[in-house]
Amino acid sequence: MITAIHSEPITASNASSRANHVHKIVNDLRQWFGLELSLLDGQTGAWLHRGQDQPLSHADWLAAPCCEAARIGKVEFVFDEDPCIVLAIPLAPADGIHWIAVGAFLTRPVAAMADIAAAGKALGLTASQAATWAARQEVWRPKQLVRLAQLAQTAWQERVAGQKTQAENVDLAQSLSATYEEISLIYRLTQNLKISSREDELGQIALEWLSEVLPASGLALKLLPAAGNQSAACTTAEDVLLQYGECPVDAEQFDQLLLYLNTSRDTKPRIINCQTVLGGNWPFAAIRQLVLVPLTEGENHFGWLAAFNHNHGLEFGSVEANLLASVSAILGIHSSNVELYRQQAEFLQGVVRAMTSAIDAKDPYTCGHSDRVARVAVRLGKELDCDPKELSTLYMAGLLHDIGKIGVSDDVLRKPGKLTDHEFEHIKTHVEIGYRILLDLKQFDQVLPVVRHHHEAWNGAGYPQALVGVKIPYLARIVAVADAYDAMASDRPYRKGMSDERLDAVFRDGANRQWDPHVIEAFFRCRADIRAVSSCERDQLSLDVQQWS
């Protein structure tokens with residue numbers, strides 16, 4: 001009965017593993033035939049193993065007929081000298097070797113030395129050696145041997161096919177695992193793509209996550225500044241080199257590497273492996289393997305992504321290069337989006353500044369009022385724990401809260417004295433006019449409620465809709481206090497600003513009637529800061545309050 005084949009993989013890559021392989025085959029053959037057979041390479045004729053139970057030590061001439069049997073692929077008797085036969089069993093090729101099992105068998109009992117002498121002589125044995133070998137042998141029928149050998153052939157073929165399938169499955173599993181990791185990495189990166197994300201923050205995340213997937217000892221990301229990047233719109237103010245792991249270069253050496261590789265026109269990944277490094281002229285001794293990928297989007301070039309030195313001393317290839325290219329494409333698109341957002345923000349900021357200048361030009365008596373209201377509103381918002389988005393909205397709303405005064409008559413707007421009832425009704429229209437001016441600009445969606453309702457009163461006596469209490473938009477209630485503070489505290493050509501004592505008294509009296517009492521409480525908590533903010537002229541600030549120093 002043929003026993004089960006061993007299931008260990010047959011992947012001999014050196015002498016030690018080949019010896020292992022031979023050992024397994026010999027053991028299997030011993031179990032099948034009850035004796036140790038020899039092994040031959042069917043292509044070269046070299047003996048790979050000489051069985052201890054085989055009288056073939058001096059029969060090298062058998063190699064030629066055995067190789068012929070291997071070429072045909074059939075079980076063959078390559079020697080037949082009564083009472084001894086030699087059987088060649090071609091096995092399926094594995095690891096580049098055409099294995100042939102070779103065995104000598106006895107076909108009848110030997111009664112005397114003379115019976116085996118002729119066969120022994122043909123195999124290079126003395127009569128005594130041949131008789132000693134024959135005394136230890138079982139008697140086989142040739143047909144029985146052929147059937148068993150054919151079964152061994154089939155079992156071996158199935159073993160090789162099974163091991164090949166196993167190896168393919170392992171490769172497939174590893175490939176699927178790597179692909180899953182790569183997809184997971186790209187998915188995680190895309191989930192972190194936010195316009196508000198800083199490029200260096202997203203870049204550092206990308207390097208850390210790449211280290212989980214790539215067999216690289218070090219990673220680096222170089223972000224280029226706008227200067228020196230003529231065709232690009234770059235968002236970093238200066239060169240930034242992010243590193244992770246054992247990165248073999250600093251910022252200066254990375255620049256030298258780029259210069260040496262003449263990367264100025266590169267648009268595809270560059271792979272450097274040992275054959276390049278060991279060429280004799282490679283000046284970067286610490287870099288043994290390298291994948292270098294440009295960060296681009298369209299015509300814009302934002303930097304470089306690099307992986308250094310394979311963890312296992314192997315070479316980088318297309319798998320690593322393609323993954324880096326995918327990540328760099330994501331980072332490049334993000335950089336491009338951030339730059340477009342920055343340009344749009346600058347344009348919006350310019351529009352807001354132009355509108356604010358138009359207000360100042362319309363009403364020179366209150367020049368600078370909008371800017372001061374915006375800054376005071378932000379300080380109140382911070383005191384009230386507004387989030388960064390609300391603070392930016394407060395600042396923009398403060399700048400634009402009086403934009404509707406563009407539509408108010410100059411005679412009424414610049415009148416130094418007390419307004420008549422009719423004139424007051426006319427000037428009250430500026431909130432609706434401002435609302436209509438900004439209505440079609442989506443960027444001002446959050447500003448509109450403040451522009452329209454910053455003159456509402458807590459008790460419902462305000463305008464334009466006489467809203468009461470918390471029905472007044474929250475940010476409008478904050479700007480209302482900032483607006484009232486600057487109006488009362490600032491000097492006008494026709495009057496002096498109120499004293500601090502008088503102004504504080506007005507606010508205390510107006511809390512819970514004119515203004516939200518919680519906003520008034522916040523005002524008094526940060527009273528000193530507000531005084532400093534309103535009295536100190538500063539350079540124009542970004543509309544994004546988070547960028548303020």
# chains A, B, ... in the order shown; residues from 1 in each chain; ligands from 1

call {"tool": "select_by_dssp", "arguments": {"residues": "segment 229-434 of chain A", "states": "alpha helix (DSSP H)", "output": "JSON, numbers by chain"}}
result
{"A": [251, 252, 253, 254, 255, 256, 257, 258, 259, 260, 261, 274, 275, 276, 277, 318, 319, 320, 321, 322, 323, 324, 325, 326, 327, 328, 329, 330, 331, 332, 333, 334, 335, 336, 337, 338, 339, 340, 341, 342, 343, 344, 345, 346, 347, 348, 349, 350, 351, 352, 353, 354, 355, 356, 357, 358, 359, 360, 361, 362, 369, 370, 371, 372, 373, 374, 375, 376, 377, 378, 379, 380, 381, 382, 383, 388, 389, 390, 391, 392, 393, 394, 395, 396, 397, 398, 399, 400, 410, 411, 412, 413, 421, 422, 423, 424, 425, 426, 427, 428, 430, 431, 432, 433, 434]}

call {"tool": "atom_distance", "arguments": {"atom1": "atom CA of Ala457 of chain A", "atom2": "atom CA of Gln514 of chain A"}}
result
4.7 Å

call {"tool": "residues_around", "arguments": {"residues": "Gly407 of chain A", "least_positions_apart": "4", "cutoff": "12 Å", "atoms": "only C-alpha atoms", "output": "number ranges by chain"}}
result
A: 358-359, 362-363, 402-403, 411-413, 426-437

call {"tool": "select_by_dssp", "arguments": {"residues": "segment 8-208 of chain A", "states": "strand (DSSP E)", "output": "ChimeraX atom specification"}}
result
/A:38-41,47-49,76-81,84-90,99-106

call {"tool": "write_last_selection", "arguments": {"atoms": "N, CA and C atoms", "output": "mmCIF file, in the first residue's frame"}}
result
data_model
loop_
_atom_site.group_PDB
_atom_site.id
_atom_site.type_symbol
_atom_site.label_atom_id
_atom_site.label_comp_id
_atom_site.auth_asym_id
_atom_site.auth_seq_id
_atom_site.Cartn_x
_atom_site.Cartn_y
_atom_site.Cartn_z
ATOM 1 N N SER A 38 18.146 4.854 -5.553
ATOM 2 C CA SER A 38 19.052 5.945 -5.921
ATOM 3 C C SER A 38 18.289 7.006 -6.697
ATOM 4 N N LEU A 39 18.857 8.219 -6.770
ATOM 5 C CA LEU A 39 18.243 9.325 -7.506
ATOM 6 C C LEU A 39 19.234 9.856 -8.528
ATOM 7 N N LEU A 40 18.694 10.166 -9.707
ATOM 8 C CA LEU A 40 19.510 10.636 -10.819
ATOM 9 C C LEU A 40 18.851 11.856 -11.424
ATOM 10 N N ASP A 41 19.657 12.820 -11.913
ATOM 11 C CA ASP A 41 19.142 13.963 -12.652
ATOM 12 C C ASP A 41 18.974 13.548 -14.102
ATOM 13 N N TRP A 47 24.383 11.681 -10.587
ATOM 14 C CA TRP A 47 23.765 10.971 -9.478
ATOM 15 C C TRP A 47 23.542 11.956 -8.334
ATOM 16 N N LEU A 48 22.303 12.083 -7.918
ATOM 17 C CA LEU A 48 21.961 12.984 -6.815
ATOM 18 C C LEU A 48 21.972 12.262 -5.479
ATOM 19 N N HIS A 49 21.770 10.957 -5.532
ATOM 20 C CA HIS A 49 21.810 10.152 -4.302
ATOM 21 C C HIS A 49 22.007 8.694 -4.693
ATOM 22 N N GLU A 76 10.928 2.219 -17.216
ATOM 23 C CA GLU A 76 11.686 1.328 -18.101
ATOM 24 C C GLU A 76 12.640 0.467 -17.280
ATOM 25 N N PHE A 77 12.833 -0.810 -17.750
ATOM 26 C CA PHE A 77 13.927 -1.626 -17.230
ATOM 27 C C PHE A 77 15.162 -1.272 -18.049
ATOM 28 N N VAL A 78 16.161 -0.713 -17.410
ATOM 29 C CA VAL A 78 17.363 -0.289 -18.134
ATOM 30 C C VAL A 78 18.488 -1.313 -17.999
ATOM 31 N N PHE A 79 18.251 -2.403 -17.249
ATOM 32 C CA PHE A 79 19.235 -3.491 -17.117
ATOM 33 C C PHE A 79 18.453 -4.761 -16.787
ATOM 34 N N ASP A 80 18.795 -5.856 -17.481
ATOM 35 C CA ASP A 80 18.111 -7.137 -17.241
ATOM 36 C C ASP A 80 19.129 -8.260 -17.463
ATOM 37 N N GLU A 81 19.653 -8.763 -16.352
ATOM 38 C CA GLU A 81 20.621 -9.877 -16.389
ATOM 39 C C GLU A 81 20.209 -10.827 -15.272
ATOM 40 N N CYS A 84 18.752 -10.371 -11.972
ATOM 41 C CA CYS A 84 18.715 -8.969 -11.496
ATOM 42 C C CYS A 84 18.180 -8.061 -12.597
ATOM 43 N N ILE A 85 17.303 -7.130 -12.196
ATOM 44 C CA ILE A 85 16.837 -6.108 -13.122
ATOM 45 C C ILE A 85 17.009 -4.734 -12.450
ATOM 46 N N VAL A 86 17.229 -3.698 -13.304
ATOM 47 C CA VAL A 86 17.331 -2.327 -12.804
ATOM 48 C C VAL A 86 16.204 -1.525 -13.433
ATOM 49 N N LEU A 87 15.399 -0.886 -12.563
ATOM 50 C CA LEU A 87 14.216 -0.162 -13.013
ATOM 51 C C LEU A 87 14.453 1.345 -12.904
ATOM 52 N N ALA A 88 14.165 2.101 -13.976
ATOM 53 C CA ALA A 88 14.229 3.573 -13.976
ATOM 54 C C ALA A 88 12.808 4.119 -13.914
ATOM 55 N N ILE A 89 12.552 5.002 -12.918
ATOM 56 C CA ILE A 89 11.207 5.559 -12.705
ATOM 57 C C ILE A 89 11.273 7.074 -12.859
ATOM 58 N N PRO A 90 10.961 7.611 -14.039
ATOM 59 C CA PRO A 90 10.968 9.076 -14.209
ATOM 60 C C PRO A 90 9.870 9.718 -13.352
ATOM 61 N N TRP A 99 13.783 14.424 -11.890
ATOM 62 C CA TRP A 99 14.151 13.368 -10.965
ATOM 63 C C TRP A 99 13.882 11.988 -11.580
ATOM 64 N N ILE A 100 14.860 11.059 -11.387
ATOM 65 C CA ILE A 100 14.678 9.662 -11.784
ATOM 66 C C ILE A 100 15.052 8.791 -10.594
ATOM 67 N N ALA A 101 14.117 7.936 -10.185
ATOM 68 C CA ALA A 101 14.425 6.939 -9.150
ATOM 69 C C ALA A 101 14.952 5.693 -9.847
ATOM 70 N N VAL A 102 16.053 5.184 -9.362
ATOM 71 C CA VAL A 102 16.711 4.025 -9.997
ATOM 72 C C VAL A 102 16.898 2.944 -8.928
ATOM 73 N N GLY A 103 16.438 1.732 -9.229
ATOM 74 C CA GLY A 103 16.576 0.653 -8.237
ATOM 75 C C GLY A 103 16.862 -0.688 -8.891
ATOM 76 N N ALA A 104 17.718 -1.457 -8.215
ATOM 77 C CA ALA A 104 18.019 -2.844 -8.648
ATOM 78 C C ALA A 104 17.165 -3.796 -7.817
ATOM 79 N N PHE A 105 16.570 -4.792 -8.486
ATOM 80 C CA PHE A 105 15.665 -5.719 -7.812
ATOM 81 C C PHE A 105 16.024 -7.157 -8.220
ATOM 82 N N LEU A 106 15.722 -8.095 -7.343
ATOM 83 C CA LEU A 106 15.963 -9.525 -7.574
ATOM 84 C C LEU A 106 14.675 -10.160 -8.075
#
